[in-house]
file my_file.pdb (PDB, C-alpha atoms)
ATOM      1  CA  MET A  28      18.815 -20.517 -16.312
ATOM      2  CA  LEU A  29      17.574 -19.533 -12.877
ATOM      3  CA  VAL A  30      18.539 -21.672  -9.877
ATOM      4  CA  CYS A  31      16.958 -20.889  -6.540
ATOM      5  CA  GLY A  32      18.535 -21.845  -3.220
ATOM      6  CA  HIS A  33      15.791 -22.019  -0.570
ATOM      7  CA  LEU A  34      16.027 -22.763   3.133
ATOM      8  CA  SER A  35      15.360 -26.447   3.736
ATOM      9  CA  ALA A  36      16.552 -29.592   5.430
ATOM     10  CA  ASP A  37      20.116 -29.553   4.138
ATOM     11  CA  GLY A  38      21.702 -32.435   6.026
ATOM     12  CA  TYR A  39      24.111 -30.250   7.979
ATOM     13  CA  HIS A  40      22.603 -31.319  11.299
ATOM     14  CA  ARG A  41      24.361 -34.655  10.912
ATOM     15  CA  TYR A  42      27.609 -32.731  11.474
ATOM     16  CA  ALA A  43      26.295 -30.366  14.129
ATOM     17  CA  GLY A  44      24.980 -33.383  15.998
ATOM     18  CA  ASP A  45      28.523 -34.242  17.083
ATOM     19  CA  TRP A  46      28.329 -31.100  19.231
ATOM     20  CA  THR A  47      24.610 -30.964  20.048
ATOM     21  CA  GLY A  48      23.351 -34.542  20.038
ATOM     22  CA  VAL A  49      20.668 -33.531  17.498
ATOM     23  CA  TYR A  50      21.568 -35.243  14.230
ATOM     24  CA  GLU A  51      18.556 -34.351  12.116
ATOM     25  CA  PHE A  52      16.682 -31.232  11.127
ATOM     26  CA  ARG A  53      13.393 -30.951  12.954
ATOM     27  CA  PRO A  54      11.522 -27.933  11.641
ATOM     28  CA  HIS A  55       9.593 -26.005  14.265
ATOM     29  CA  ALA A  56      11.055 -28.125  17.079
ATOM     30  CA  PRO A  57      13.495 -26.764  19.648
ATOM     31  CA  GLN A  58      17.064 -27.291  18.484
ATOM     32  CA  GLY A  59      18.909 -25.161  20.989
ATOM     33  CA  PRO A  60      21.102 -22.163  20.277
ATOM     34  CA  LEU A  61      24.279 -24.115  19.473
ATOM     35  CA  GLY A  62      22.569 -26.081  16.709
ATOM     36  CA  ARG A  63      21.133 -22.904  15.223
ATOM     37  CA  ILE A  64      24.519 -21.159  15.402
ATOM     38  CA  ILE A  65      26.452 -24.055  13.887
ATOM     39  CA  THR A  66      24.074 -24.666  10.994
ATOM     40  CA  HIS A  67      22.878 -21.113  10.292
ATOM     41  CA  ALA A  68      23.487 -20.294   6.628
ATOM     42  CA  ARG A  69      26.227 -22.943   6.261
ATOM     43  CA  ALA A  70      24.574 -24.735   3.368
ATOM     44  CA  THR A  71      23.675 -21.410   1.772
ATOM     45  CA  MET A  72      27.234 -20.099   1.957
ATOM     46  CA  ASP A  73      28.691 -23.387   0.795
ATOM     47  CA  PHE A  74      26.369 -23.611  -2.217
ATOM     48  CA  PHE A  75      26.912 -20.062  -3.461
ATOM     49  CA  ALA A  76      30.659 -20.196  -2.763
ATOM     50  CA  ALA A  77      30.955 -23.458  -4.707
ATOM     51  CA  MET A  78      29.041 -22.039  -7.672
ATOM     52  CA  VAL A  79      31.372 -19.020  -7.778
ATOM     53  CA  VAL A  80      34.739 -20.513  -6.801
ATOM     54  CA  GLN A  81      34.406 -23.692  -8.840
ATOM     55  CA  GLY A  82      33.486 -21.586 -11.856
ATOM     56  CA  ALA A  83      29.881 -22.535 -12.659
ATOM     57  CA  VAL A  84      28.893 -18.870 -13.061
ATOM     58  CA  THR A  85      32.015 -18.217 -15.154
ATOM     59  CA  ARG A  86      31.468 -21.165 -17.490
ATOM     60  CA  HIS A  87      27.742 -20.401 -17.770
ATOM     61  CA  PRO A  88      27.371 -16.620 -17.874
ATOM     62  CA  GLY A  89      23.591 -16.921 -18.258
ATOM     63  CA  LEU A  90      23.300 -18.759 -14.956
ATOM     64  CA  ARG A  91      21.305 -16.748 -12.417
ATOM     65  CA  LEU A  92      21.402 -17.767  -8.760
ATOM     66  CA  LEU A  93      18.758 -16.658  -6.287
ATOM     67  CA  SER A  94      18.890 -17.016  -2.502
ATOM     68  CA  VAL A  95      15.409 -17.130  -0.970
ATOM     69  CA  GLU A  96      14.425 -17.459   2.689
ATOM     70  CA  ASN A  97      18.072 -17.497   3.757
ATOM     71  CA  GLY A  98      18.273 -13.849   4.766
ATOM     72  CA  SER A  99      21.401 -11.904   3.939
ATOM     73  CA  ASP A 100      23.532 -11.947   7.083
ATOM     74  CA  TRP A 101      25.762 -14.581   5.466
ATOM     75  CA  VAL A 102      26.718 -12.336   2.521
ATOM     76  CA  PRO A 103      29.322 -10.180   4.351
ATOM     77  CA  TRP A 104      31.118 -13.276   5.632
ATOM     78  CA  VAL A 105      31.337 -15.023   2.270
ATOM     79  CA  MET A 106      32.327 -11.811   0.475
ATOM     80  CA  LYS A 107      35.140 -11.252   2.998
ATOM     81  CA  ARG A 108      36.353 -14.834   2.488
ATOM     82  CA  PHE A 109      36.283 -14.283  -1.285
ATOM     83  CA  GLU A 110      38.419 -11.161  -0.880
ATOM     84  CA  VAL A 111      40.935 -12.824   1.434
ATOM     85  CA  GLU A 112      41.344 -16.014  -0.575
ATOM     86  CA  TYR A 113      41.461 -14.206  -3.925
ATOM     87  CA  SER A 114      44.147 -11.826  -2.623
ATOM     88  CA  ARG A 115      46.246 -14.823  -1.535
ATOM     89  CA  TYR A 116      45.620 -17.192  -4.439
ATOM     90  CA  PRO A 117      44.203 -15.329  -7.450
ATOM     91  CA  ALA A 118      45.311 -18.013  -9.908
ATOM     92  CA  SER A 119      43.112 -20.527  -8.083
ATOM     93  CA  PHE A 120      39.959 -18.713  -9.208
ATOM     94  CA  PRO A 121      38.404 -18.564 -12.679
ATOM     95  CA  GLU A 122      37.724 -14.838 -12.078
ATOM     96  CA  ASP A 123      37.442 -12.373  -9.221
ATOM     97  CA  PRO A 124      34.879 -14.110  -6.978
ATOM     98  CA  VAL A 125      33.377 -10.846  -5.693
ATOM     99  CA  ASP A 126      32.720  -9.735  -9.271
ATOM    100  CA  ALA A 127      31.242 -13.133 -10.131
ATOM    101  CA  PHE A 128      28.972 -13.082  -7.078
ATOM    102  CA  GLN A 129      27.816  -9.528  -7.729
ATOM    103  CA  ARG A 130      26.997 -10.403 -11.347
ATOM    104  CA  SER A 131      25.299 -13.768 -10.793
ATOM    105  CA  VAL A 132      23.635 -13.859  -7.368
ATOM    106  CA  TRP A 133      20.371 -12.249  -6.280
ATOM    107  CA  VAL A 134      19.574 -12.107  -2.554
ATOM    108  CA  VAL A 135      16.282 -11.836  -0.694
ATOM    109  CA  PRO A 136      17.109 -10.336   2.714
ATOM    110  CA  TYR A 137      14.813 -10.562   5.680
ATOM    111  CA  TRP A 138      12.948  -7.289   5.998
ATOM    112  CA  GLU A 139      14.473  -6.471   9.395
ATOM    113  CA  GLU A 140      18.068  -6.911   8.217
ATOM    114  CA  PRO A 141      20.229  -3.873   7.366
ATOM    115  CA  VAL A 142      19.490  -3.923   3.640
ATOM    116  CA  GLU A 143      21.565  -0.771   3.110
ATOM    117  CA  GLN A 144      24.632  -2.704   4.300
ATOM    118  CA  LEU A 145      23.803  -5.500   1.873
ATOM    119  CA  ALA A 146      23.687  -2.866  -0.893
ATOM    120  CA  ASP A 147      27.289  -1.979  -0.008
ATOM    121  CA  LEU A 148      28.269  -5.532  -1.015
ATOM    122  CA  VAL A 149      25.966  -6.339  -3.915
ATOM    123  CA  PRO A 150      24.338  -4.041  -6.446
ATOM    124  CA  VAL A 151      20.852  -2.862  -5.521
ATOM    125  CA  GLU A 152      19.784  -4.581  -8.764
ATOM    126  CA  ARG A 153      20.571  -7.917  -7.083
ATOM    127  CA  ILE A 154      18.365  -7.348  -4.006
ATOM    128  CA  LEU A 155      14.774  -8.580  -3.972
ATOM    129  CA  ALA A 156      11.957  -8.103  -1.505
ATOM    130  CA  GLY A 157      10.407 -11.273  -0.192
ATOM    131  CA  SER A 158       7.234 -12.104   1.623
ATOM    132  CA  ASP A 159       6.687 -15.542   3.028
ATOM    133  CA  PHE A 160       3.867 -14.764   5.426
ATOM    134  CA  PRO A 161       2.755 -16.473   7.631
ATOM    135  CA  HIS A 162       6.318 -17.730   8.148
ATOM    136  CA  SER A 163       8.355 -15.725  10.636
ATOM    137  CA  ASP A 164      10.446 -14.142   7.879
ATOM    138  CA  GLY A 165       7.417 -12.725   6.077
ATOM    139  CA  LEU A 166       5.197  -9.727   6.578
ATOM    140  CA  PRO A 167       1.397  -9.829   6.355
ATOM    141  CA  GLU A 168       1.472  -6.777   4.069
ATOM    142  CA  PRO A 169       4.377  -6.658   1.552
ATOM    143  CA  THR A 170       4.328  -2.847   1.481
ATOM    144  CA  GLN A 171       5.714  -3.017   5.024
ATOM    145  CA  PHE A 172       8.967  -4.239   3.453
ATOM    146  CA  ALA A 173       9.060  -1.119   1.284
ATOM    147  CA  LYS A 174       8.485   1.088   4.322
ATOM    148  CA  ALA A 175      11.561  -0.459   5.974
ATOM    149  CA  LEU A 176      13.779   0.638   3.050
ATOM    150  CA  THR A 177      14.262   4.166   4.403
ATOM    151  CA  ALA A 178      17.914   4.368   3.298
ATOM    152  CA  PHE A 179      16.962   4.043  -0.388
ATOM    153  CA  ASP A 180      15.515   6.501  -2.882
ATOM    154  CA  ASP A 181      12.212   5.767  -4.643
ATOM    155  CA  GLY A 182      13.945   4.294  -7.695
ATOM    156  CA  ALA A 183      15.926   1.808  -5.620
ATOM    157  CA  VAL A 184      12.832   0.869  -3.600
ATOM    158  CA  ARG A 185      10.958   0.165  -6.839
ATOM    159  CA  LYS A 186      13.848  -2.024  -8.025
ATOM    160  CA  ILE A 187      13.935  -4.008  -4.772
ATOM    161  CA  MET A 188      10.164  -4.333  -4.488
ATOM    162  CA  ARG A 189       9.342  -5.081  -8.130
ATOM    163  CA  ASP A 190      11.692  -4.402 -11.012
ATOM    164  CA  ASN A 191      14.582  -6.687 -10.014
ATOM    165  CA  LEU A 192      12.376  -9.761  -9.787
ATOM    166  CA  ALA A 193      10.508  -8.855 -12.973
ATOM    167  CA  GLY A 194      13.832  -8.534 -14.812
ATOM    168  CA  LEU A 195      15.210 -11.734 -13.345
ATOM    169  CA  LEU A 196      12.150 -13.730 -14.391
ATOM    170  CA  ALA A 197      12.169 -12.186 -17.864
ATOM    171  CA  SER A 198      15.834 -13.017 -18.529
TER     172      SER A 198
END
call {"tool": "encode", "arguments": {"input": "my_file.pdb", "output": "structure tokens"}}
result
Amino acid sequence: MLVCGHLSADGYHRYAGDWTGVYEFRPHAPQGPLGRIITHARATMDFFAAMVVQGAVTRHPGLRLLSVENGSDWVPWVMKRFEVEYSRYPASFPEDPVDAFQRSVWVVPYWEEPVEQLADLVPVERILAGSDFPHSDGLPEPTQFAKALTAFDDGAVRKIMRDNLAGLLAS
């Protein structure tokens, strides 16, 4: 089963509102930097962490999780937290959370993010190119994404641009 986590109104502004005075998500309306900082990727991290730490991906090894339109700058933070918490309390986890994440989660980074650093944390087989043009995270020509992947060889670029998604949809 494939489950896709996509950027949306997630309800987290009701908490951020205690600091900002803005208690609801207003897409394309000014929210101010504090609201963006407080809510950025929180729901994304919480969802994927819950799926890993609470054992959904362990109990259901065929479960495939895909993060779309969330970028990838949240991945280093959650992976570090997995490492720290697992080193302190390994018996509290159904399995090594880094291994579970790397096996079960696919990530669509924004094209301008350091994708090579993401590939240090997750296998290149779990990275997908995305294009959501005319949204700000998309490119008018998807091949521009491929041109930004200068740190990767042709085989890895083909995986990111095509093969990984084809395999994910076929599984």
call {"tool": "resolve_selection", "arguments": {"input": "my_file.pdb", "expression": "the PyMOL selection byres ((chain A and resi 138) around 8)", "output": "number ranges by chain"}}
result
A: 136-137, 139-140, 142, 156-157, 164-165, 172, 175
call {"tool": "residues_around", "arguments": {"input": "my_file.pdb", "residues": "Glu51 in chain A", "least_positions_apart": "5", "cutoff": "12 Å", "atoms": "all atoms listed in the file", "output": "list in words"}}
result
Ser35, Ala36, Asp37, Gly38, Tyr39, His40, Arg41, Tyr42, Ala43, Gly44, Asp45, Ala56, Pro57, Gln58, Gly62 and Thr66 of chain A
call {"tool": "write_last_selection", "arguments": {"input": "my_file.pdb", "atoms": "C-alpha atoms", "output": "short mmCIF file (atom, residue, chain, number, x, y, z; two decimals), in the coordinates of the input"}}
result
data_model
loop_
_atom_site.label_atom_id
_atom_site.label_comp_id
_atom_site.auth_asym_id
_atom_site.auth_seq_id
_atom_site.Cartn_x
_atom_site.Cartn_y
_atom_site.Cartn_z
CA SER A 35 15.36 -26.45 3.74
CA ALA A 36 16.55 -29.59 5.43
CA ASP A 37 20.12 -29.55 4.14
CA GLY A 38 21.70 -32.44 6.03
CA TYR A 39 24.11 -30.25 7.98
CA HIS A 40 22.60 -31.32 11.30
CA ARG A 41 24.36 -34.66 10.91
CA TYR A 42 27.61 -32.73 11.47
CA ALA A 43 26.30 -30.37 14.13
CA GLY A 44 24.98 -33.38 16.00
CA ASP A 45 28.52 -34.24 17.08
CA ALA A 56 11.06 -28.12 17.08
CA PRO A 57 13.50 -26.76 19.65
CA GLN A 58 17.06 -27.29 18.48
CA GLY A 62 22.57 -26.08 16.71
CA THR A 66 24.07 -24.67 10.99
#
call {"tool": "resolve_selection", "arguments": {"input": "my_file.pdb", "expression": "the PyMOL selection byres ((chain A and resi 115-127) around 8)", "output": "VMD selection string"}}
result
chain A and resid 79 to 82 84 to 85 106 109 to 114 128 to 131
call {"tool": "atom_distance", "arguments": {"input": "my_file.pdb", "atom1": "CA of Phe75 in chain A", "atom2": "CA of Thr170 in chain A"}}
result
28.8 Å
call {"tool": "residues_around", "arguments": {"input": "my_file.pdb", "residues": "Phe179 in chain A", "least_positions_apart": "2", "cutoff": "12 Å", "atoms": "all atoms listed in the file", "output": "ChimeraX atom specification"}}
result
/A:141-147,151,173-177,181-188
call {"tool": "atom_distance", "arguments": {"input": "my_file.pdb", "atom1": "CA of Val105 in chain A", "atom2": "CA of Ile154 in chain A"}}
result
16.3 Å
call {"tool": "closest_residue", "arguments": {"input": "my_file.pdb", "among": "A:Arg69, A:Val132, A:Val95, A:Pro169", "to": "Arg189 in chain A", "atoms": "only C-alpha atoms"}}
result
A:Pro169
call {"tool": "closest_residue", "arguments": {"input": "my_file.pdb", "among": "A:Ala76, A:Leu192, A:His87, A:Leu34", "to": "Asp159 in chain A", "atoms": "all atoms listed in the file"}}
result
A:Leu34
call {"tool": "residues_around", "arguments": {"input": "my_file.pdb", "residues": "Pro60 in chain A", "least_positions_apart": "4", "cutoff": "10 Å", "atoms": "all atoms listed in the file", "output": "CSV table (one decimal) with C-alpha atoms, in the coordinates of the input"}}
result
chain,number,residue,atom,x,y,z
A,47,THR,CA,24.6,-31.0,20.0
A,64,ILE,CA,24.5,-21.2,15.4
A,65,ILE,CA,26.5,-24.1,13.9
call {"tool": "atom_distance", "arguments": {"input": "my_file.pdb", "atom1": "CA of Leu196 in chain A", "atom2": "CA of Arg153 in chain A"}}
result
12.6 Å
